[in-house]
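For reference, start11.pdb is printed below; it contains PDB, C-alpha atoms and all ligand atoms.
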MODEL        1
ATOM      1  CA  MET K   1       8.306 -15.539   5.596
ATOM      2  CA  ILE K   2       6.862 -12.105   6.307
ATOM      3  CA  GLY K   3       8.902  -9.715   8.396
ATOM      4  CA  SER K   4       8.131  -6.288   9.801
ATOM      5  CA  LEU K   5       4.987  -4.337   9.174
ATOM      6  CA  ASN K   6       6.203  -1.732   6.689
ATOM      7  CA  HIS K   7       3.064   0.399   6.574
ATOM      8  CA  ILE K   8      -0.697   0.611   6.877
ATOM      9  CA  ALA K   9      -2.347   2.397   3.962
ATOM     10  CA  ILE K  10      -5.378   4.604   4.471
ATOM     11  CA  ALA K  11      -7.309   5.761   1.427
ATOM     12  CA  VAL K  12      -8.465   9.366   1.748
ATOM     13  CA  PRO K  13     -10.743  11.523  -0.393
ATOM     14  CA  ASP K  14      -8.721  14.708   0.256
ATOM     15  CA  LEU K  15      -4.985  14.293   0.655
ATOM     16  CA  ASP K  16      -4.284  17.864   1.822
ATOM     17  CA  GLU K  17      -6.934  17.621   4.483
ATOM     18  CA  ALA K  18      -5.652  14.241   5.700
ATOM     19  CA  MET K  19      -2.046  15.512   5.758
ATOM     20  CA  ALA K  20      -3.156  18.519   7.806
ATOM     21  CA  LYS K  21      -4.896  16.255  10.319
ATOM     22  CA  TYR K  22      -1.809  14.136  10.799
ATOM     23  CA  SER K  23       0.644  17.035  10.985
ATOM     24  CA  GLY K  24      -1.736  19.166  13.110
ATOM     25  CA  PRO K  25      -3.840  17.489  15.796
ATOM     26  CA  LEU K  26      -1.962  14.178  15.608
ATOM     27  CA  GLY K  27       1.436  15.887  15.521
ATOM     28  CA  ALA K  28       3.039  13.387  13.133
ATOM     29  CA  LYS K  29       5.973  13.784  10.746
ATOM     30  CA  VAL K  30       4.274  13.958   7.334
ATOM     31  CA  GLY K  31       6.240  13.565   4.087
ATOM     32  CA  GLN K  32       5.648  14.993   0.615
ATOM     33  CA  PRO K  33       3.055  13.649  -1.880
ATOM     34  CA  GLN K  34       4.388  11.360  -4.609
ATOM     35  CA  ASN K  35       2.417  10.422  -7.732
ATOM     36  CA  LEU K  36       2.838   6.721  -8.471
ATOM     37  CA  VAL K  37       1.639   6.728 -12.067
ATOM     38  CA  GLU K  38       1.999   2.974 -12.546
ATOM     39  CA  HIS K  39      -0.080   2.298  -9.420
ATOM     40  CA  GLY K  40      -2.681   5.015 -10.080
ATOM     41  CA  VAL K  41      -2.300   6.610  -6.664
ATOM     42  CA  THR K  42      -0.776   9.613  -4.975
ATOM     43  CA  VAL K  43       0.897   8.645  -1.704
ATOM     44  CA  VAL K  44       2.185  10.463   1.350
ATOM     45  CA  PHE K  45       4.166   8.682   4.029
ATOM     46  CA  ILE K  46       3.921   9.466   7.701
ATOM     47  CA  ASP K  47       6.786   8.225   9.839
ATOM     48  CA  LEU K  48       5.918   6.693  13.175
ATOM     49  CA  PRO K  49       8.501   5.279  15.563
ATOM     50  CA  ASN K  50       7.643   1.641  14.747
ATOM     51  CA  THR K  51       6.039   1.774  11.284
ATOM     52  CA  LYS K  52       4.623   4.105   8.648
ATOM     53  CA  ILE K  53       1.194   5.228   7.576
ATOM     54  CA  GLU K  54       0.646   5.610   3.840
ATOM     55  CA  LEU K  55      -2.106   8.037   2.904
ATOM     56  CA  ILE K  56      -3.305   7.246  -0.609
ATOM     57  CA  SER K  57      -5.672   9.014  -2.967
ATOM     58  CA  PRO K  58      -6.661   8.196  -6.551
ATOM     59  CA  PHE K  59      -4.381   9.380  -9.359
ATOM     60  CA  GLY K  60      -5.770   9.285 -12.885
ATOM     61  CA  GLU K  61      -9.062   8.048 -14.279
ATOM     62  CA  ASN K  62      -8.197   4.357 -14.047
ATOM     63  CA  SER K  63      -6.980   4.389 -10.475
ATOM     64  CA  PRO K  64      -7.456   0.960  -8.859
ATOM     65  CA  ILE K  65      -8.737   2.623  -5.678
ATOM     66  CA  LEU K  66     -11.675   4.436  -7.303
ATOM     67  CA  SER K  67     -14.141   1.659  -6.484
ATOM     68  CA  PHE K  68     -12.850   1.548  -2.899
ATOM     69  CA  MET K  69     -13.420   5.313  -2.621
ATOM     70  CA  LYS K  70     -16.946   4.889  -3.990
ATOM     71  CA  LYS K  71     -17.715   2.324  -1.289
ATOM     72  CA  ASN K  72     -15.876   4.339   1.364
ATOM     73  CA  PRO K  73     -16.442   8.008   0.516
ATOM     74  CA  ASN K  74     -14.847   9.190   3.770
ATOM     75  CA  GLY K  75     -11.851   6.932   3.278
ATOM     76  CA  GLY K  76     -10.733   3.856   5.182
ATOM     77  CA  ILE K  77      -7.973   1.354   5.760
ATOM     78  CA  HIS K  78      -7.046   0.054   2.305
ATOM     79  CA  HIS K  79      -4.128  -2.354   2.739
ATOM     80  CA  ILE K  80      -1.312  -3.407   5.005
ATOM     81  CA  CYS K  81       2.238  -3.951   3.837
ATOM     82  CA  TYR K  82       4.607  -6.601   5.173
ATOM     83  CA  GLU K  83       8.275  -6.796   4.352
ATOM     84  CA  VAL K  84       9.802  -9.862   2.705
ATOM     85  CA  ASP K  85      13.454 -10.649   1.976
ATOM     86  CA  CYS K  86      12.873 -11.855  -1.571
ATOM     87  CA  ILE K  87       9.782 -10.999  -3.589
ATOM     88  CA  ASN K  88      10.340 -13.746  -6.164
ATOM     89  CA  SER K  89      10.535 -16.539  -3.608
ATOM     90  CA  ALA K  90       7.445 -15.047  -1.912
ATOM     91  CA  ILE K  91       5.608 -15.182  -5.253
ATOM     92  CA  SER K  92       6.597 -18.841  -5.767
ATOM     93  CA  LYS K  93       5.481 -19.894  -2.288
ATOM     94  CA  LEU K  94       2.211 -18.017  -2.512
ATOM     95  CA  THR K  95       1.211 -19.189  -5.965
ATOM     96  CA  GLU K  96       2.120 -22.779  -5.037
ATOM     97  CA  GLY K  97      -0.229 -22.355  -2.083
ATOM     98  CA  GLY K  98      -2.969 -21.173  -4.425
ATOM     99  CA  ALA K  99      -2.982 -17.485  -3.445
ATOM    100  CA  MET K 100      -3.847 -14.962  -6.118
ATOM    101  CA  ILE K 101      -1.473 -12.140  -6.945
ATOM    102  CA  LEU K 102      -3.205  -9.075  -8.341
ATOM    103  CA  GLY K 103      -2.441  -7.556 -11.736
ATOM    104  CA  ASP K 104      -0.143  -9.518 -14.028
ATOM    105  CA  GLY K 105       1.337 -11.419 -11.089
ATOM    106  CA  LYS K 106       4.714  -9.734 -11.491
ATOM    107  CA  PRO K 107       6.294  -7.290  -9.042
ATOM    108  CA  LYS K 108       6.031  -3.562  -9.692
ATOM    109  CA  ILE K 109       8.254  -0.895  -8.212
ATOM    110  CA  GLY K 110       6.576   0.653  -5.165
ATOM    111  CA  ALA K 111       6.827   3.977  -3.379
ATOM    112  CA  HIS K 112      10.179   3.158  -1.772
ATOM    113  CA  GLY K 113      11.810   2.065  -5.021
ATOM    114  CA  ASN K 114      11.475  -1.613  -4.024
ATOM    115  CA  PRO K 115       9.542  -4.391  -5.797
ATOM    116  CA  VAL K 116       6.009  -4.921  -4.462
ATOM    117  CA  ILE K 117       3.067  -7.229  -5.119
ATOM    118  CA  PHE K 118      -0.531  -7.222  -3.890
ATOM    119  CA  LEU K 119      -2.415 -10.329  -2.722
ATOM    120  CA  HIS K 120      -6.124 -10.774  -3.234
ATOM    121  CA  PRO K 121      -8.129 -10.003  -0.052
ATOM    122  CA  LYS K 122     -10.309 -13.094  -0.506
ATOM    123  CA  ASP K 123      -7.294 -15.264   0.318
ATOM    124  CA  PHE K 124      -6.393 -13.333   3.482
ATOM    125  CA  ASN K 125      -9.509 -12.729   5.553
ATOM    126  CA  GLY K 126     -10.680  -9.716   3.615
ATOM    127  CA  THR K 127      -7.399  -7.834   3.925
ATOM    128  CA  LEU K 128      -5.571  -6.533   0.892
ATOM    129  CA  ILE K 129      -1.910  -7.363   1.531
ATOM    130  CA  GLU K 130       1.069  -5.687  -0.066
ATOM    131  CA  LEU K 131       4.440  -7.411   0.130
ATOM    132  CA  GLU K 132       7.528  -5.234  -0.275
ATOM    133  CA  GLU K 133      10.998  -6.600  -0.806
ATOM    134  CA  VAL K 134      13.275  -4.984   1.761
ATOM    135  CA  ARG K 135      16.754  -6.409   1.707
ATOM    136  CA  ALA K 136      18.564  -6.461   5.022
TER     137      ALA K 136
HETATM  138 CO    CO O 201       1.324   0.447   0.275
ENDMDL
END
Could the structure of this file be written out as structure tokens, please?
Ligand code: CO
Amino acid sequence: MIGSLNHIAIAVPDLDEAMAKYSGPLGAKVGQPQNLVEHGVTVVFIDLPNTKIELISPFGENSPILSFMKKNPNGGIHHICYEVDCINSAISKLTEGGAMILGDGKPKIGAHGNPVIFLHPKDFNGTLIELEEVRA
């Protein structure tokens, strides 16, 4: 069901500093910060030839990544995102299989304007998984 790796998200305490590291010493193509109010994060995408890196930092007082930042004050890998053809059929298959979808279980619009869901890490070896609908 899952397709390409769309991105790996790294939570960072200081977005400007992280962007400077990627555009400077690592010489990557770094995009512009976007506030995703509904998701409680500010994101910046870095384009790599075969995938993307998503730098994320908390946005707002109820950001869902605040507890992660408390446990990982220097930042760390937060989630990985796989592409799926159809988010609704992915939701059906996963919930039938007993997996837990975070939040209200319904897709939200993600950073690329596509529907996304997040799967509970306890069901997937301690990895928070984001699924993004990317239509071919
Ligand atoms: Co993501």
Selection dump of the PyMOL selection byres (((not hetatm)) within 8 of (chain O and resi 201)), as an mmCIF file with C-alpha atoms, keeping the file's coordinate frame:
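Listing of result_34.cif after writing:
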data_model
loop_
_atom_site.group_PDB
_atom_site.id
_atom_site.type_symbol
_atom_site.label_atom_id
_atom_site.label_comp_id
_atom_site.auth_asym_id
_atom_site.auth_seq_id
_atom_site.Cartn_x
_atom_site.Cartn_y
_atom_site.Cartn_z
ATOM 1 C CA HIS K 7 3.064 0.399 6.574
ATOM 2 C CA ILE K 8 -0.697 0.611 6.877
ATOM 3 C CA ALA K 9 -2.347 2.397 3.962
ATOM 4 C CA GLU K 54 0.646 5.610 3.840
ATOM 5 C CA HIS K 79 -4.128 -2.354 2.739
ATOM 6 C CA ILE K 80 -1.312 -3.407 5.005
ATOM 7 C CA CYS K 81 2.238 -3.951 3.837
ATOM 8 C CA GLY K 110 6.576 0.653 -5.165
ATOM 9 C CA ALA K 111 6.827 3.977 -3.379
ATOM 10 C CA GLU K 130 1.069 -5.687 -0.066
#
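With the shown file loaded, the PyMOL selection byres (((chain K and resi 98) around 12) and not hetatm) picks out Ile91, Ser92, Lys93, Leu94, Thr95, Glu96, Gly97, Ala99, Met100, Ile101, Leu119, His120, Lys122, Asp123 and Phe124 of chain K.
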Pick out the residues sitting within 7 Å of Gly3 in chain K, and hand them over as a PDB file with C-alpha atoms, in the coordinates of the input; count all atoms listed in the file, and ignore anything fewer than 2 positions along from it in its own chain.
ATOM      1  CA  MET K   1       8.306 -15.539   5.596  1.00  0.00           C
ATOM      2  CA  LEU K   5       4.987  -4.337   9.174  1.00  0.00           C
ATOM      3  CA  TYR K  82       4.607  -6.601   5.173  1.00  0.00           C
ATOM      4  CA  GLU K  83       8.275  -6.796   4.352  1.00  0.00           C
ATOM      5  CA  VAL K  84       9.802  -9.862   2.705  1.00  0.00           C
TER       6      VAL K  84
END
12 Å contact set for Phe68 in chain K, only C-alpha atoms, chain neighbours under 2 positions out, as a tab-separated table (two decimals) with C-alpha atoms, keeping the file's coordinate frame:
chain	number	residue	atom	x	y	z
K	10	ILE	CA	-5.38	4.60	4.47
K	11	ALA	CA	-7.31	5.76	1.43
K	12	VAL	CA	-8.46	9.37	1.75
K	13	PRO	CA	-10.74	11.52	-0.39
K	56	ILE	CA	-3.30	7.25	-0.61
K	57	SER	CA	-5.67	9.01	-2.97
K	58	PRO	CA	-6.66	8.20	-6.55
K	63	SER	CA	-6.98	4.39	-10.48
K	64	PRO	CA	-7.46	0.96	-8.86
K	65	ILE	CA	-8.74	2.62	-5.68
K	66	LEU	CA	-11.68	4.44	-7.30
K	70	LYS	CA	-16.95	4.89	-3.99
K	71	LYS	CA	-17.72	2.32	-1.29
K	72	ASN	CA	-15.88	4.34	1.36
K	73	PRO	CA	-16.44	8.01	0.52
K	74	ASN	CA	-14.85	9.19	3.77
K	75	GLY	CA	-11.85	6.93	3.28
K	76	GLY	CA	-10.73	3.86	5.18
K	77	ILE	CA	-7.97	1.35	5.76
K	78	HIS	CA	-7.05	0.05	2.31
K	79	HIS	CA	-4.13	-2.35	2.74
K	128	LEU	CA	-5.57	-6.53	0.89
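Minimum distance to Glu133 in chain K across K:Leu102, K:Val43, K:Ala90, K:Ala20 (counting only C-alpha atoms) occurs at K:Ala90.
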Quick one: apply the PyMOL selection byres (((chain K and resi 31) around 9) and not hetatm) to the file and drop the selected residues here as a compact mmCIF listing (two decimals) with C-alpha atoms, in the frame of the given file.
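Result saved to part.txt:
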# COMPACT_ATOMS: atom_id res chain seq x y z
CA MET K 19 -2.05 15.51 5.76
CA LYS K 29 5.97 13.78 10.75
CA VAL K 30 4.27 13.96 7.33
CA GLN K 32 5.65 14.99 0.62
CA PRO K 33 3.06 13.65 -1.88
CA VAL K 44 2.18 10.46 1.35
CA PHE K 45 4.17 8.68 4.03
CA ILE K 46 3.92 9.47 7.70
CA ASP K 47 6.79 8.22 9.84
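Separating CA of Leu55 in chain K from CA of Ile87 in chain K is a distance of 23.4 Å.
Between CA of Pro107 in chain K and CA of Pro49 in chain K lies a distance of 27.7 Å.
Here the question is which of K:Thr127, K:Val134, K:Glu38, K:Lys52 gets nearest to Gly103 in chain K using all atoms listed in the file, and that residue is K:Glu38.
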Taking all listed atoms of range 107-120 of chain K, build the axis-aligned box, pad each of the six sides by 6 Å, then write its centre and edge lengths in Å to one decimal as JSON.
{"center_x": 2.8, "center_y": -3.4, "center_z": -5.7, "size_x": 29.9, "size_y": 26.8, "size_z": 19.9}
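Nearest to Asn6 in chain K of all the residues K:Asn35, K:Thr51, K:Ser23, K:Asn125 is K:Thr51, counting only C-alpha atoms.
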